[in-house]
Amino acid sequence: MTRALPSSRTRLALAVAGGLLLLGAPTAYATLGEEPTAPGGAVTTAAVRGKAFRETRLLFGTERPDGGPAVTDQQFMAFIDKEVTPRFPDGLTVQDGRGQWRDRNGAIERERSYELILLYPQTETGVRDPLIELIREAYEKAFAQESVGRLDGPVRADF
């Protein structure tokens with residue numbers, strides 16, 4: 001059985017695709033937090049802004065699973081003043097949101113929500129983690145919530 005060789009057009013398309021992959025690789029790796037490199041492995045001189053921080057986002061629902069009244073803006077801000085600000089006095093961000101999730105009974109819950117964004121130096125992660133868990137537990141207890149969502153990741157920040 002004879003095997004057909006790829007046509008010139010096929011070889012050209014493969015070469016172009018390979019070249020594009022090589023050119024795109026530094027961008028892909030940079031987005032994953034690795035050092036940006038040029039083809040061949042040389043580190044590029046792209047400026048890196050900011051310092052290493054940790055970002056934690058907490059997602060607070062407002063509907064109560066027991067059917068009680070929803071958490072109001074005033075109640076939520078009082079919670080921030082009492083439970084969050086003393087633990088993170090350097091600053092925080094609160095955003096209004098709309099969310100949904102499946103509760104433990106399988107029902108889809110759609111509700112008004114809040115997103116709390118906390119930034120702190122990466123070196124303080126070990127100290128800040130238990131403080132964040134206290135905030136989550138306090139909200140769950142105070143407002144009869146099944147959970148408070150948490151997202152964590154490394155970021156670079158400059159103030």
# chains A, B, ... in the order shown; residues from 1 in each chain; ligands from 1
>>> residues_around(residues="segment 115-123 of chain A", least_positions_apart="6", cutoff="7 Å", atoms="only C-alpha atoms", output="PyMOL selection string")
chain A and resi 52-60+92-97
>>> write_last_selection(atoms="N, CA and C atoms", output="PDB file, in the first residue's frame")
ATOM      1  N   ALA A  52       2.316  41.354  44.818  1.00  0.00           N
ATOM      2  CA  ALA A  52       1.555  40.111  44.951  1.00  0.00           C
ATOM      3  C   ALA A  52       0.527  40.242  46.072  1.00  0.00           C
ATOM      4  N   PHE A  53      -0.732  40.123  45.701  1.00  0.00           N
ATOM      5  CA  PHE A  53      -1.837  40.166  46.654  1.00  0.00           C
ATOM      6  C   PHE A  53      -2.675  38.909  46.481  1.00  0.00           C
ATOM      7  N   ARG A  54      -3.516  38.666  47.447  1.00  0.00           N
ATOM      8  CA  ARG A  54      -4.527  37.608  47.390  1.00  0.00           C
ATOM      9  C   ARG A  54      -5.870  38.314  47.312  1.00  0.00           C
ATOM     10  N   GLU A  55      -6.748  37.836  46.453  1.00  0.00           N
ATOM     11  CA  GLU A  55      -8.096  38.371  46.350  1.00  0.00           C
ATOM     12  C   GLU A  55      -9.063  37.299  46.817  1.00  0.00           C
ATOM     13  N   THR A  56      -9.923  37.687  47.738  1.00  0.00           N
ATOM     14  CA  THR A  56     -10.998  36.797  48.182  1.00  0.00           C
ATOM     15  C   THR A  56     -12.311  37.490  47.894  1.00  0.00           C
ATOM     16  N   ARG A  57     -13.216  36.766  47.254  1.00  0.00           N
ATOM     17  CA  ARG A  57     -14.566  37.255  46.976  1.00  0.00           C
ATOM     18  C   ARG A  57     -15.537  36.383  47.744  1.00  0.00           C
ATOM     19  N   LEU A  58     -16.389  37.019  48.509  1.00  0.00           N
ATOM     20  CA  LEU A  58     -17.425  36.309  49.243  1.00  0.00           C
ATOM     21  C   LEU A  58     -18.772  36.668  48.646  1.00  0.00           C
ATOM     22  N   LEU A  59     -19.620  35.662  48.467  1.00  0.00           N
ATOM     23  CA  LEU A  59     -20.929  35.839  47.836  1.00  0.00           C
ATOM     24  C   LEU A  59     -22.010  35.575  48.874  1.00  0.00           C
ATOM     25  N   PHE A  60     -22.755  36.631  49.209  1.00  0.00           N
ATOM     26  CA  PHE A  60     -23.769  36.578  50.251  1.00  0.00           C
ATOM     27  C   PHE A  60     -25.160  36.643  49.633  1.00  0.00           C
ATOM     28  N   LEU A  92     -12.150  47.522  51.596  1.00  0.00           N
ATOM     29  CA  LEU A  92     -12.928  46.435  51.017  1.00  0.00           C
ATOM     30  C   LEU A  92     -13.863  47.030  49.982  1.00  0.00           C
ATOM     31  N   THR A  93     -14.465  46.180  49.183  1.00  0.00           N
ATOM     32  CA  THR A  93     -15.447  46.614  48.194  1.00  0.00           C
ATOM     33  C   THR A  93     -16.682  45.738  48.317  1.00  0.00           C
ATOM     34  N   VAL A  94     -17.845  46.361  48.286  1.00  0.00           N
ATOM     35  CA  VAL A  94     -19.115  45.638  48.278  1.00  0.00           C
ATOM     36  C   VAL A  94     -19.831  45.990  46.986  1.00  0.00           C
ATOM     37  N   GLN A  95     -20.310  44.963  46.277  1.00  0.00           N
ATOM     38  CA  GLN A  95     -21.076  45.165  45.053  1.00  0.00           C
ATOM     39  C   GLN A  95     -22.425  44.469  45.178  1.00  0.00           C
ATOM     40  N   ASP A  96     -23.450  45.101  44.620  1.00  0.00           N
ATOM     41  CA  ASP A  96     -24.764  44.475  44.559  1.00  0.00           C
ATOM     42  C   ASP A  96     -24.764  43.462  43.430  1.00  0.00           C
ATOM     43  N   GLY A  97     -25.557  42.425  43.622  1.00  0.00           N
ATOM     44  CA  GLY A  97     -25.636  41.412  42.580  1.00  0.00           C
ATOM     45  C   GLY A  97     -26.989  40.737  42.538  1.00  0.00           C
TER      46      GLY A  97
END
>>> atom_distance(atom1="atom CA of Ala138 of chain A", atom2="atom CA of Val155 of chain A")
26.5 Å
>>> select_by_dssp(residues="segment 70-110 of chain A", states="alpha helix (DSSP H)", output="JSON, numbers by chain")
{"A": [73, 74, 75, 76, 77, 78, 79]}
>>> atom_distance(atom1="atom CA of Gln74 of chain A", atom2="atom CA of Trp101 of chain A")
23.7 Å
>>> atom_distance(atom1="atom CA of Glu111 of chain A", atom2="atom CA of Ile135 of chain A")
20.3 Å
>>> closest_residue(among="A:Pro154, A:Gly67, A:Gly106, A:Pro130", to="Arg87 of chain A", atoms="only C-alpha atoms")
A:Pro130
>>> select_by_dssp(residues="segment 121-159 of chain A", states="strand (DSSP E)", output="ChimeraX atom specification")
/A:121,149-157
